[in-house]
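Asks: Data file my_file_15.csv (CSV, N, CA and C atoms) is appended below.
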chain,number,residue,atom,x,y,z
N,9,MET,N,93.7,67.9,99.8
N,9,MET,CA,94.4,68.9,100.5
N,9,MET,C,94.5,68.5,102.0
N,10,GLN,N,95.6,68.6,102.5
N,10,GLN,CA,95.8,68.4,104.0
N,10,GLN,C,95.4,69.7,104.7
N,11,GLU,N,94.4,69.6,105.6
N,11,GLU,CA,93.9,70.8,106.3
N,11,GLU,C,95.0,71.5,107.0
N,12,GLN,N,95.9,70.8,107.7
N,12,GLN,CA,96.9,71.4,108.5
N,12,GLN,C,97.9,72.2,107.6
N,13,GLU,N,98.3,71.6,106.5
N,13,GLU,CA,99.2,72.3,105.6
N,13,GLU,C,98.5,73.5,105.0
N,14,PHE,N,97.2,73.4,104.6
N,14,PHE,CA,96.5,74.5,104.1
N,14,PHE,C,96.4,75.6,105.0
N,15,ARG,N,96.1,75.4,106.3
N,15,ARG,CA,96.0,76.4,107.3
N,15,ARG,C,97.4,77.1,107.6
N,16,HIS,N,98.4,76.3,107.5
N,16,HIS,CA,99.8,76.8,107.7
N,16,HIS,C,100.1,77.8,106.6
N,17,LEU,N,99.9,77.4,105.4
N,17,LEU,CA,100.2,78.3,104.2
N,17,LEU,C,99.3,79.5,104.3
N,18,LEU,N,98.0,79.3,104.6
N,18,LEU,CA,97.1,80.4,104.7
N,18,LEU,C,97.6,81.4,105.7
N,19,GLY,N,98.0,80.9,106.9
N,19,GLY,CA,98.5,81.8,107.9
N,19,GLY,C,99.7,82.6,107.5
N,20,LYS,N,100.6,82.0,106.8
N,20,LYS,CA,101.8,82.7,106.3
N,20,LYS,C,101.5,83.8,105.3
N,21,VAL,N,100.5,83.4,104.4
N,21,VAL,CA,100.1,84.4,103.4
N,21,VAL,C,99.4,85.6,104.0
N,22,ARG,N,98.5,85.3,105.0
N,22,ARG,CA,97.8,86.4,105.7
N,22,ARG,C,98.8,87.3,106.4
N,23,ASP,N,99.8,86.7,107.1
N,23,ASP,CA,100.9,87.4,107.8
N,23,ASP,C,101.6,88.4,106.8
N,24,ALA,N,101.9,87.9,105.6
N,24,ALA,CA,102.6,88.7,104.7
N,24,ALA,C,101.7,89.8,104.0
N,25,ALA,N,100.5,89.4,103.8
N,25,ALA,CA,99.5,90.3,103.2
N,25,ALA,C,99.3,91.5,104.1
N,26,THR,N,99.3,91.3,105.4
N,26,THR,CA,99.0,92.4,106.4
N,26,THR,C,100.3,93.0,106.9
N,27,GLY,N,101.4,92.2,107.0
N,27,GLY,CA,102.6,92.8,107.5
N,27,GLY,C,103.6,93.2,106.5
N,28,GLY,N,103.4,92.9,105.3
N,28,GLY,CA,104.3,93.2,104.2
N,28,GLY,C,105.6,92.5,104.2
N,29,LYS,N,106.6,93.1,103.6
N,29,LYS,CA,107.9,92.4,103.5
N,29,LYS,C,108.5,92.1,104.8
N,30,ASP,N,108.3,92.9,105.9
N,30,ASP,CA,108.9,92.5,107.2
N,30,ASP,C,108.4,91.2,107.7
N,31,ALA,N,107.1,91.0,107.6
N,31,ALA,CA,106.5,89.7,108.0
N,31,ALA,C,106.9,88.6,107.1
N,32,TRP,N,107.1,88.8,105.9
N,32,TRP,CA,107.5,87.8,104.9
N,32,TRP,C,108.9,87.4,105.1
N,33,SER,N,109.8,88.4,105.4
N,33,SER,CA,111.2,88.1,105.5
N,33,SER,C,111.7,87.1,106.5
N,34,VAL,N,110.8,86.9,107.6
N,34,VAL,CA,111.2,86.0,108.6
N,34,VAL,C,110.8,84.6,108.4
N,35,GLN,N,110.1,84.3,107.3
N,35,GLN,CA,109.6,83.0,106.9
N,35,GLN,C,110.8,82.1,106.3
N,36,SER,N,110.6,80.8,106.3
N,36,SER,CA,111.5,79.9,105.7
N,36,SER,C,111.6,80.2,104.2
N,37,THR,N,112.6,79.7,103.5
N,37,THR,CA,112.7,79.9,102.1
N,37,THR,C,111.5,79.3,101.4
N,38,GLY,N,111.1,78.1,101.7
N,38,GLY,CA,109.9,77.5,101.0
N,38,GLY,C,108.7,78.3,101.2
N,39,GLU,N,108.5,78.8,102.5
N,39,GLU,CA,107.3,79.6,102.8
N,39,GLU,C,107.3,80.9,102.1
N,40,LYS,N,108.5,81.5,102.0
N,40,LYS,CA,108.6,82.8,101.3
N,40,LYS,C,108.3,82.7,99.9
N,41,LEU,N,108.8,81.6,99.3
N,41,LEU,CA,108.5,81.4,97.8
N,41,LEU,C,107.0,81.1,97.6
N,42,ALA,N,106.4,80.3,98.4
N,42,ALA,CA,105.0,80.0,98.3
N,42,ALA,C,104.1,81.3,98.5
N,43,VAL,N,104.5,82.1,99.5
N,43,VAL,CA,103.7,83.3,99.7
N,43,VAL,C,103.9,84.3,98.6
N,44,ALA,N,105.1,84.4,98.1
N,44,ALA,CA,105.4,85.4,97.0
N,44,ALA,C,104.6,85.0,95.8
N,45,VAL,N,104.5,83.7,95.4
N,45,VAL,CA,103.7,83.3,94.3
N,45,VAL,C,102.2,83.5,94.6
N,46,THR,N,101.8,83.2,95.8
N,46,THR,CA,100.4,83.3,96.1
N,46,THR,C,99.9,84.8,96.0
N,47,LEU,N,100.7,85.7,96.5
N,47,LEU,CA,100.4,87.1,96.5
N,47,LEU,C,100.8,87.8,95.2
N,48,ASN,N,101.3,87.1,94.2
N,48,ASN,CA,101.8,87.7,93.0
N,48,ASN,C,102.8,88.7,93.2
N,49,ARG,N,103.7,88.5,94.2
N,49,ARG,CA,104.8,89.4,94.5
N,49,ARG,C,106.1,88.9,93.8
N,50,PHE,N,106.1,89.1,92.5
N,50,PHE,CA,107.3,88.6,91.8
N,50,PHE,C,108.5,89.4,92.1
N,51,ASP,N,108.4,90.6,92.6
N,51,ASP,CA,109.5,91.4,93.1
N,51,ASP,C,110.2,90.7,94.3
N,52,TRP,N,109.4,90.0,95.1
N,52,TRP,CA,110.0,89.2,96.2
N,52,TRP,C,110.7,88.0,95.7
N,53,LEU,N,110.2,87.4,94.6
N,53,LEU,CA,110.9,86.3,94.0
N,53,LEU,C,112.2,86.8,93.5
N,54,GLN,N,112.2,87.9,92.8
N,54,GLN,CA,113.4,88.4,92.2
N,54,GLN,C,114.5,88.8,93.3
N,55,ALA,N,114.0,89.3,94.4
N,55,ALA,CA,114.9,89.6,95.6
N,55,ALA,C,115.6,88.3,96.1
N,56,MET,N,114.9,87.2,95.9
N,56,MET,CA,115.5,85.9,96.4
N,56,MET,C,116.3,85.3,95.2
N,57,ASP,N,116.3,85.9,94.0
N,57,ASP,CA,117.0,85.4,92.9
N,57,ASP,C,116.4,84.0,92.4
N,58,TYR,N,115.0,84.0,92.4
N,58,TYR,CA,114.3,82.8,91.9
N,58,TYR,C,113.4,83.2,90.8
N,59,THR,N,113.3,82.3,89.8
N,59,THR,CA,112.3,82.5,88.7
N,59,THR,C,111.0,81.8,89.2
N,60,ILE,N,109.9,82.1,88.5
N,60,ILE,CA,108.7,81.4,88.9
N,60,ILE,C,108.8,79.9,88.8
N,61,ALA,N,109.4,79.4,87.7
N,61,ALA,CA,109.6,78.0,87.6
N,61,ALA,C,110.5,77.4,88.7
N,62,GLU,N,111.5,78.1,89.1
N,62,GLU,CA,112.4,77.6,90.2
N,62,GLU,C,111.6,77.6,91.5
N,63,ALA,N,110.8,78.6,91.7
N,63,ALA,CA,110.0,78.7,92.9
N,63,ALA,C,109.0,77.6,93.0
N,64,ILE,N,108.3,77.3,91.9
N,64,ILE,CA,107.3,76.2,91.9
N,64,ILE,C,108.0,74.9,92.2
N,65,GLU,N,109.2,74.7,91.6
N,65,GLU,CA,109.9,73.4,91.9
N,65,GLU,C,110.3,73.3,93.4
N,66,ARG,N,110.8,74.4,94.0
N,66,ARG,CA,111.2,74.4,95.4
N,66,ARG,C,110.0,74.3,96.3
N,67,ILE,N,108.8,74.9,95.9
N,67,ILE,CA,107.6,74.8,96.8
N,67,ILE,C,107.2,73.3,96.9
N,68,GLY,N,107.2,72.7,95.7
N,68,GLY,CA,106.7,71.3,95.7
N,68,GLY,C,105.3,71.1,95.3
N,69,PRO,N,104.9,70.0,94.9
N,69,PRO,CA,103.5,69.8,94.4
N,69,PRO,C,102.4,70.0,95.4
N,70,GLU,N,102.6,69.6,96.7
N,70,GLU,CA,101.6,69.7,97.7
N,70,GLU,C,101.1,71.1,97.9
N,71,TRP,N,102.1,72.0,98.2
N,71,TRP,CA,101.8,73.4,98.4
N,71,TRP,C,101.4,74.1,97.1
N,72,THR,N,102.0,73.7,96.0
N,72,THR,CA,101.7,74.4,94.7
N,72,THR,C,100.2,74.2,94.4
N,73,THR,N,99.6,73.0,94.7
N,73,THR,CA,98.2,72.8,94.4
N,73,THR,C,97.3,73.5,95.3
N,74,MET,N,97.8,74.0,96.5
N,74,MET,CA,97.0,74.7,97.4
N,74,MET,C,97.0,76.2,97.1
N,75,ILE,N,98.0,76.7,96.3
N,75,ILE,CA,98.1,78.1,96.1
N,75,ILE,C,96.8,78.8,95.5
N,76,PRO,N,96.2,78.3,94.5
N,76,PRO,CA,95.0,78.9,94.0
N,76,PRO,C,93.9,79.1,95.0
N,77,ALA,N,93.6,78.1,95.8
N,77,ALA,CA,92.6,78.2,96.9
N,77,ALA,C,93.0,79.2,97.9
N,78,VAL,N,94.2,79.2,98.4
N,78,VAL,CA,94.7,80.2,99.4
N,78,VAL,C,94.6,81.6,98.8
N,79,ALA,N,95.0,81.8,97.6
N,79,ALA,CA,94.9,83.1,96.9
N,79,ALA,C,93.5,83.6,96.9
N,80,ARG,N,92.5,82.7,96.5
N,80,ARG,CA,91.1,83.1,96.4
N,80,ARG,C,90.6,83.5,97.7
N,81,LEU,N,90.9,82.7,98.8
N,81,LEU,CA,90.4,83.0,100.1
N,81,LEU,C,91.0,84.3,100.6
N,82,VAL,N,92.2,84.6,100.4
N,82,VAL,CA,92.8,85.9,100.9
N,82,VAL,C,92.3,87.0,100.1
N,83,LEU,N,92.1,86.9,98.8
N,83,LEU,CA,91.5,87.9,98.0
N,83,LEU,C,90.0,88.2,98.5
N,84,ASP,N,89.3,87.2,98.7
N,84,ASP,CA,87.9,87.3,99.2
N,84,ASP,C,87.9,88.1,100.5
N,85,GLU,N,88.8,87.7,101.4
N,85,GLU,CA,88.9,88.4,102.7
N,85,GLU,C,89.2,89.9,102.6
N,86,ALA,N,90.1,90.2,101.7
N,86,ALA,CA,90.5,91.5,101.4
N,86,ALA,C,89.3,92.3,100.9
N,87,GLN,N,88.6,91.7,100.0
N,87,GLN,CA,87.4,92.4,99.4
N,87,GLN,C,86.3,92.7,100.4
N,88,GLU,N,86.1,91.7,101.3
N,88,GLU,CA,85.2,91.9,102.4
N,88,GLU,C,85.6,93.0,103.3
N,89,ASP,N,86.9,93.1,103.6
N,89,ASP,CA,87.4,94.1,104.5
N,89,ASP,C,87.1,95.5,103.9
N,90,ASP,N,87.2,95.6,102.6
N,90,ASP,CA,87.0,96.9,101.9
N,90,ASP,C,85.5,97.4,102.0
N,91,PHE,N,84.6,96.4,102.2
N,91,PHE,CA,83.2,96.8,102.3
N,91,PHE,C,82.7,97.0,103.7
N,92,ILE,N,83.6,96.8,104.7
N,92,ILE,CA,83.2,97.0,106.1
N,92,ILE,C,83.4,98.4,106.5
Go through the file and emit its structure as structure tokens.
Replies:
Amino acid sequence: MQEQEFRHLLGKVRDAATGGKDAWSVQSTGEKLAVAVTLNRFDWLQAMDYTIAEAIERIGPEWTTMIPAVARLVLDEAQEDDFI
């Protein structure tokens, strides 16, 4: 995993997780697709007229392999915030 790309994707996911669709809508197409898949927002994929398979193809292998780790990290952060 390239650290810079991981941090970039993580930042985009965090932005959308906290800012919702408004924060997500200003991202590039590839970023939006990766974020939607990471956050399990298939309604966002549908709004872009993408299937899961098409989104994965567009995202590419580098970011696709990062999605599980980013999703776990964001989920862990959200769970920690609930306990504070």
Asks: If we count only C-alpha atoms, what is near Met56 of chain N at a cut-off of 10 Å, once residues fewer than 3 positions away on the same chain are taken out, given as a short mmCIF file (atom, residue, chain, number, x, y, z; two decimals) with N, CA and C atoms, keeping the file's coordinate frame?
Replies:
data_model
loop_
_atom_site.label_atom_id
_atom_site.label_comp_id
_atom_site.auth_asym_id
_atom_site.auth_seq_id
_atom_site.Cartn_x
_atom_site.Cartn_y
_atom_site.Cartn_z
N THR N 37 112.60 79.70 103.50
CA THR N 37 112.70 79.90 102.10
C THR N 37 111.50 79.30 101.40
N LYS N 40 108.50 81.50 102.00
CA LYS N 40 108.60 82.80 101.30
C LYS N 40 108.30 82.70 99.90
N LEU N 41 108.80 81.60 99.30
CA LEU N 41 108.50 81.40 97.80
C LEU N 41 107.00 81.10 97.60
N PHE N 50 106.10 89.10 92.50
CA PHE N 50 107.30 88.60 91.80
C PHE N 50 108.50 89.40 92.10
N ASP N 51 108.40 90.60 92.60
CA ASP N 51 109.50 91.40 93.10
C ASP N 51 110.20 90.70 94.30
N TRP N 52 109.40 90.00 95.10
CA TRP N 52 110.00 89.20 96.20
C TRP N 52 110.70 88.00 95.70
N LEU N 53 110.20 87.40 94.60
CA LEU N 53 110.90 86.30 94.00
C LEU N 53 112.20 86.80 93.50
N THR N 59 113.30 82.30 89.80
CA THR N 59 112.30 82.50 88.70
C THR N 59 111.00 81.80 89.20
N ALA N 63 110.80 78.60 91.70
CA ALA N 63 110.00 78.70 92.90
C ALA N 63 109.00 77.60 93.00
#
Asks: Can you tell me which residues surround Arg22 of chain N at a distance of at most 8 Å, considering all atoms listed in the file, apart from same-chain residues fewer than 6 positions away, and format the answer as a list in words?
Replies: His16, Gly28, Val43 and Val82 of chain N
Asks: Export N, CA and C atoms of the chosen residues as a compact mmCIF listing (two decimals), in the frame of the given file?
Replies:
# COMPACT_ATOMS: atom_id res chain seq x y z
N HIS N 16 98.40 76.30 107.50
CA HIS N 16 99.80 76.80 107.70
C HIS N 16 100.10 77.80 106.60
N GLY N 28 103.40 92.90 105.30
CA GLY N 28 104.30 93.20 104.20
C GLY N 28 105.60 92.50 104.20
N VAL N 43 104.50 82.10 99.50
CA VAL N 43 103.70 83.30 99.70
C VAL N 43 103.90 84.30 98.60
N VAL N 82 92.20 84.60 100.40
CA VAL N 82 92.80 85.90 100.90
C VAL N 82 92.30 87.00 100.10
Asks: What is the atom C of Gly38 of chain N-atom CA of Ile67 of chain N distance in Å, reported with one decimal?
Replies: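 For atom C of Gly38 of chain N relative to atom CA of Ile67 of chain N, the distance reads 5.7 Å.
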Asks: Would you kindly return, as a list in words, each protein, DNA or RNA residue with an atom no farther than 8 Å from any atom of Val21 of chain N, considering only N, CA and C atoms and excluding same-chain residues fewer than 6 positions away?
Replies: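 Listed by chain and then number, they are Arg15, Gly27, Glu39, Ala42, Val43, Ala44, Thr46, Leu47, Val78 and Val82 of chain N.
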Asks: If DSSP is run on the backbone, what residues of chain N are helix (DSSP H, G or I)? A reply as JSON, numbers by chain would be ideal.
Replies: {"N": [11, 12, 13, 14, 15, 16, 17, 18, 19, 20, 21, 22, 23, 24, 25, 26, 27, 28, 29, 30, 31, 32, 33, 37, 38, 39, 40, 41, 42, 43, 44, 45, 46, 50, 51, 52, 53, 54, 55, 60, 61, 62, 63, 64, 65, 66, 67, 69, 70, 71, 72, 73, 74, 75, 76, 77, 78, 79, 80, 81, 82, 83, 84, 85, 86, 87, 88, 89, 90, 91]}
Asks: One decimal, in Å: what's the spacing between atom CA of Asn48 of chain N and atom CA of Glu11 of chain N?
Replies: 22.9 Å
Asks: To one decimal in Å, tell me the separation between atom CA of Gln12 of chain N and atom CA of Glu62 of chain N.
Replies: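 Separation of atom CA of Gln12 of chain N and atom CA of Glu62 of chain N: 24.8 Å.
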Asks: Please determine, counting all atoms listed in the file, which residue among N:Val34, N:Ala61, N:Val45, N:Ala24 has the shortest atom-to-atom distance to Ala79 of chain N.
Replies: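 Checking each of N:Val34, N:Ala61, N:Val45, N:Ala24 against Ala79 of chain N, counting all atoms listed in the file, the winner is N:Val45.
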